[in-house]
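Q: Have a peek at target.cif (mmCIF, C-alpha atoms, pLDDT in the B column; chains and numbers go by the auth columns).
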```
data_my_file
#
loop_
_atom_site.group_PDB
_atom_site.id
_atom_site.type_symbol
_atom_site.label_atom_id
_atom_site.label_comp_id
_atom_site.label_asym_id
_atom_site.label_seq_id
_atom_site.Cartn_x
_atom_site.Cartn_y
_atom_site.Cartn_z
_atom_site.B_iso_or_equiv
_atom_site.auth_seq_id
_atom_site.auth_asym_id
ATOM 1 C CA MET A 1 -184.576 118.265 16.260 59.00 247 A
ATOM 2 C CA SER A 2 -183.774 118.052 12.558 62.00 248 A
ATOM 3 C CA ALA A 3 -181.109 115.441 13.239 61.00 249 A
ATOM 4 C CA HIS A 4 -183.826 113.100 14.457 62.00 250 A
ATOM 5 C CA ILE A 5 -185.979 113.786 11.412 61.00 251 A
ATOM 6 C CA ILE A 6 -183.220 113.126 8.865 60.00 252 A
ATOM 7 C CA GLY A 7 -182.124 109.967 10.656 64.00 253 A
ATOM 8 C CA PHE A 8 -178.817 110.620 12.404 64.00 254 A
ATOM 9 C CA SER A 9 -176.814 107.484 13.106 62.00 255 A
ATOM 10 C CA GLY A 10 -176.265 108.006 16.823 72.00 256 A
ATOM 11 C CA PRO A 11 -175.829 110.423 19.689 75.00 257 A
ATOM 12 C CA GLU A 12 -172.412 111.478 18.372 77.00 258 A
ATOM 13 C CA ALA A 13 -174.241 113.550 15.725 77.00 259 A
ATOM 14 C CA ILE A 14 -175.988 115.733 18.325 80.00 260 A
ATOM 15 C CA PRO A 15 -173.069 118.109 19.112 83.00 261 A
ATOM 16 C CA TYR A 16 -172.693 118.780 15.390 82.00 262 A
ATOM 17 C CA ALA A 17 -176.406 119.456 15.057 83.00 263 A
ATOM 18 C CA VAL A 18 -176.252 121.903 17.967 85.00 264 A
ATOM 19 C CA LYS A 19 -173.367 123.790 16.345 86.00 265 A
ATOM 20 C CA LEU A 20 -175.255 123.913 13.064 85.00 266 A
ATOM 21 C CA GLY A 21 -178.362 125.209 14.827 86.00 267 A
ATOM 22 C CA VAL A 22 -176.378 127.981 16.522 89.00 268 A
ATOM 23 C CA ALA A 23 -174.658 128.928 13.265 89.00 269 A
ATOM 24 C CA LEU A 24 -177.992 129.086 11.430 90.00 270 A
ATOM 25 C CA GLN A 25 -179.593 131.215 14.152 92.00 271 A
ATOM 26 C CA MET A 26 -176.657 133.596 14.261 92.00 272 A
ATOM 27 C CA THR A 27 -176.752 133.887 10.461 93.00 273 A
ATOM 28 C CA ASN A 28 -180.411 134.881 10.749 94.00 274 A
ATOM 29 C CA ILE A 29 -179.506 137.505 13.341 95.00 275 A
ATOM 30 C CA LEU A 30 -176.902 139.040 11.034 94.00 276 A
ATOM 31 C CA ARG A 31 -179.248 138.919 8.066 95.00 277 A
ATOM 32 C CA ASP A 32 -182.118 140.587 9.928 96.00 278 A
ATOM 33 C CA ILE A 33 -180.328 143.414 11.786 95.00 279 A
ATOM 34 C CA VAL A 34 -182.271 146.212 10.086 93.00 280 A
ATOM 35 C CA GLU A 35 -185.633 144.443 10.204 96.00 281 A
ATOM 36 C CA ASP A 36 -185.173 143.533 13.865 96.00 282 A
ATOM 37 C CA TRP A 37 -184.084 147.090 14.732 96.00 283 A
ATOM 38 C CA ARG A 38 -187.202 148.509 13.074 95.00 284 A
ATOM 39 C CA ALA A 39 -189.284 146.098 15.174 97.00 285 A
ATOM 40 C CA GLY A 40 -187.565 147.288 18.356 96.00 286 A
ATOM 41 C CA ARG A 41 -185.238 144.300 18.716 96.00 287 A
ATOM 42 C CA LEU A 42 -181.460 144.070 18.806 96.00 288 A
ATOM 43 C CA TYR A 43 -179.834 140.664 19.111 96.00 289 A
ATOM 44 C CA LEU A 44 -176.220 141.738 18.609 95.00 290 A
ATOM 45 C CA PRO A 45 -174.102 141.563 21.762 93.00 291 A
ATOM 46 C CA LEU A 46 -173.676 145.104 23.097 95.00 292 A
ATOM 47 C CA ASP A 47 -170.275 144.279 24.581 97.00 293 A
ATOM 48 C CA GLU A 48 -169.025 143.154 21.180 96.00 294 A
ATOM 49 C CA LEU A 49 -170.437 146.249 19.499 97.00 295 A
ATOM 50 C CA ALA A 50 -168.632 148.351 22.103 97.00 296 A
ATOM 51 C CA ALA A 51 -165.383 146.434 21.515 97.00 297 A
ATOM 52 C CA PHE A 52 -165.531 147.675 17.921 97.00 298 A
ATOM 53 C CA ASP A 53 -166.447 151.211 19.077 97.00 299 A
ATOM 54 C CA LEU A 54 -170.017 150.781 17.833 97.00 300 A
ATOM 55 C CA GLY A 55 -173.354 151.261 19.529 95.00 301 A
ATOM 56 C CA GLU A 56 -177.076 151.289 19.025 95.00 302 A
ATOM 57 C CA ASP A 57 -176.860 154.757 17.487 95.00 303 A
ATOM 58 C CA ASP A 58 -174.759 153.310 14.635 95.00 304 A
ATOM 59 C CA ILE A 59 -177.435 150.721 13.940 95.00 305 A
ATOM 60 C CA ALA A 60 -180.223 153.270 14.177 94.00 306 A
ATOM 61 C CA ALA A 61 -178.420 155.522 11.692 94.00 307 A
ATOM 62 C CA GLY A 62 -177.597 152.626 9.351 90.00 308 A
ATOM 63 C CA ARG A 63 -173.901 153.570 9.375 86.00 309 A
ATOM 64 C CA MET A 64 -171.785 151.223 7.272 89.00 310 A
ATOM 65 C CA SER A 65 -168.427 152.464 8.539 94.00 311 A
ATOM 66 C CA ALA A 66 -165.074 150.725 8.436 96.00 312 A
ATOM 67 C CA ARG A 67 -165.624 149.763 12.099 96.00 313 A
ATOM 68 C CA TRP A 68 -168.951 148.187 11.142 96.00 314 A
ATOM 69 C CA GLN A 69 -167.274 146.183 8.371 97.00 315 A
ATOM 70 C CA VAL A 70 -164.601 144.905 10.769 97.00 316 A
ATOM 71 C CA PHE A 71 -167.323 143.975 13.294 97.00 317 A
ATOM 72 C CA MET A 72 -169.278 142.093 10.621 96.00 318 A
ATOM 73 C CA ASP A 73 -166.129 140.357 9.350 96.00 319 A
ATOM 74 C CA PHE A 74 -165.508 139.179 12.924 96.00 320 A
ATOM 75 C CA GLN A 75 -169.070 137.863 13.277 95.00 321 A
ATOM 76 C CA ILE A 76 -169.035 136.160 9.877 94.00 322 A
ATOM 77 C CA ALA A 77 -165.690 134.457 10.580 95.00 323 A
ATOM 78 C CA ARG A 78 -167.028 133.131 13.879 92.00 324 A
ATOM 79 C CA TYR A 79 -170.138 131.680 12.279 90.00 325 A
ATOM 80 C CA ARG A 80 -168.220 130.207 9.359 93.00 326 A
ATOM 81 C CA ALA A 81 -166.072 128.415 11.930 93.00 327 A
ATOM 82 C CA LEU A 82 -169.240 127.009 13.534 89.00 328 A
ATOM 83 C CA TYR A 83 -170.472 125.788 10.148 89.00 329 A
ATOM 84 C CA ALA A 84 -167.099 124.108 9.570 91.00 330 A
ATOM 85 C CA GLU A 85 -167.260 122.451 12.996 88.00 331 A
ATOM 86 C CA ALA A 86 -170.800 121.233 12.250 84.00 332 A
ATOM 87 C CA TRP A 87 -169.918 119.809 8.814 79.00 333 A
ATOM 88 C CA PRO A 88 -168.636 116.410 10.034 76.00 334 A
ATOM 89 C CA GLY A 89 -172.040 115.795 11.636 66.00 335 A
ATOM 90 C CA ASP A 90 -173.604 115.742 8.187 56.00 336 A
ATOM 91 C CA ARG A 91 -171.588 112.635 7.442 55.00 337 A
ATOM 92 C CA ASP A 92 -172.967 110.986 10.622 45.00 338 A
ATOM 93 C CA ALA A 93 -176.494 111.432 9.257 46.00 339 A
ATOM 94 C CA GLU A 94 -175.547 109.670 6.033 46.00 340 A
ATOM 95 C CA SER A 95 -174.116 106.574 7.756 44.00 341 A
#
```
For the file at hand, write its structure as structure tokens.
A:
Amino acid sequence: MSAHIIGFSGPEAIPYAVKLGVALQMTNILRDIVEDWRAGRLYLPLDELAAFDLGEDDIAAGRMSARWQVFMDFQIARYRALYAEAWPGDRDAES
């Protein structure tokens, strides 16, 4: 939606905008883990938590273990990659 507001140059900008939107939403999820948990929400994928030997009890206890750090590093790397993939779309908006 923002791509239309800022004046993208054509439909080729849309895939970049989608990637940026996903990256921004996922960043919000990582930023708000504690707040969301306190409100009874958990947006982290349970299968990915389990892959790092983590679970809801770790979040509830606020454990910042080495496993948690590796899990977060994995998530952050994935979202940084999405931001990098979205970056060329910014140039389409400037054209």
Q: Point out the residue among A:Ala323, A:Trp314, A:Tyr262, A:Met272 with the least atom-to-atom distance to Ala296 in chain A, counting all atoms listed in the file.
A: A:Trp314
Q: Which residues, named as in the file, does the PyMOL selection byres ((chain A and resi 280-292) around 12) pick out? Answer as number ranges by chain.
A: A: 271-279, 293-310, 317-318, 321
Q: I'd like the interatomic distance between CA of Arg326 in chain A and CA of Gly267 in chain A, to a tenth of an Å.
A: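 Here the two named atoms are 12.6 Å from each other.
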Q: Between CA of Glu331 in chain A and CA of Ala259 in chain A, what is the spacing in Å?
A: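 Straight-line distance from CA of Ala259 in chain A to CA of Glu331 in chain A works out to 11.6 Å.
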Q: Tell me, in Å to one decimal, how far CA of Pro334 in chain A is from CA of Pro257 in chain A.
A: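 Going from CA of Pro334 in chain A over to CA of Pro257 in chain A, I get 13.4 Å.
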Q: Of the candidates A:Ser311, A:Glu258, A:Asp319, A:Leu328, which shows the shortest atom-to-atom distance to Leu270 in chain A, using all atoms listed in the file?
A: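 Looking at the shortest contact to Leu270 in chain A, the residue is A:Leu328.
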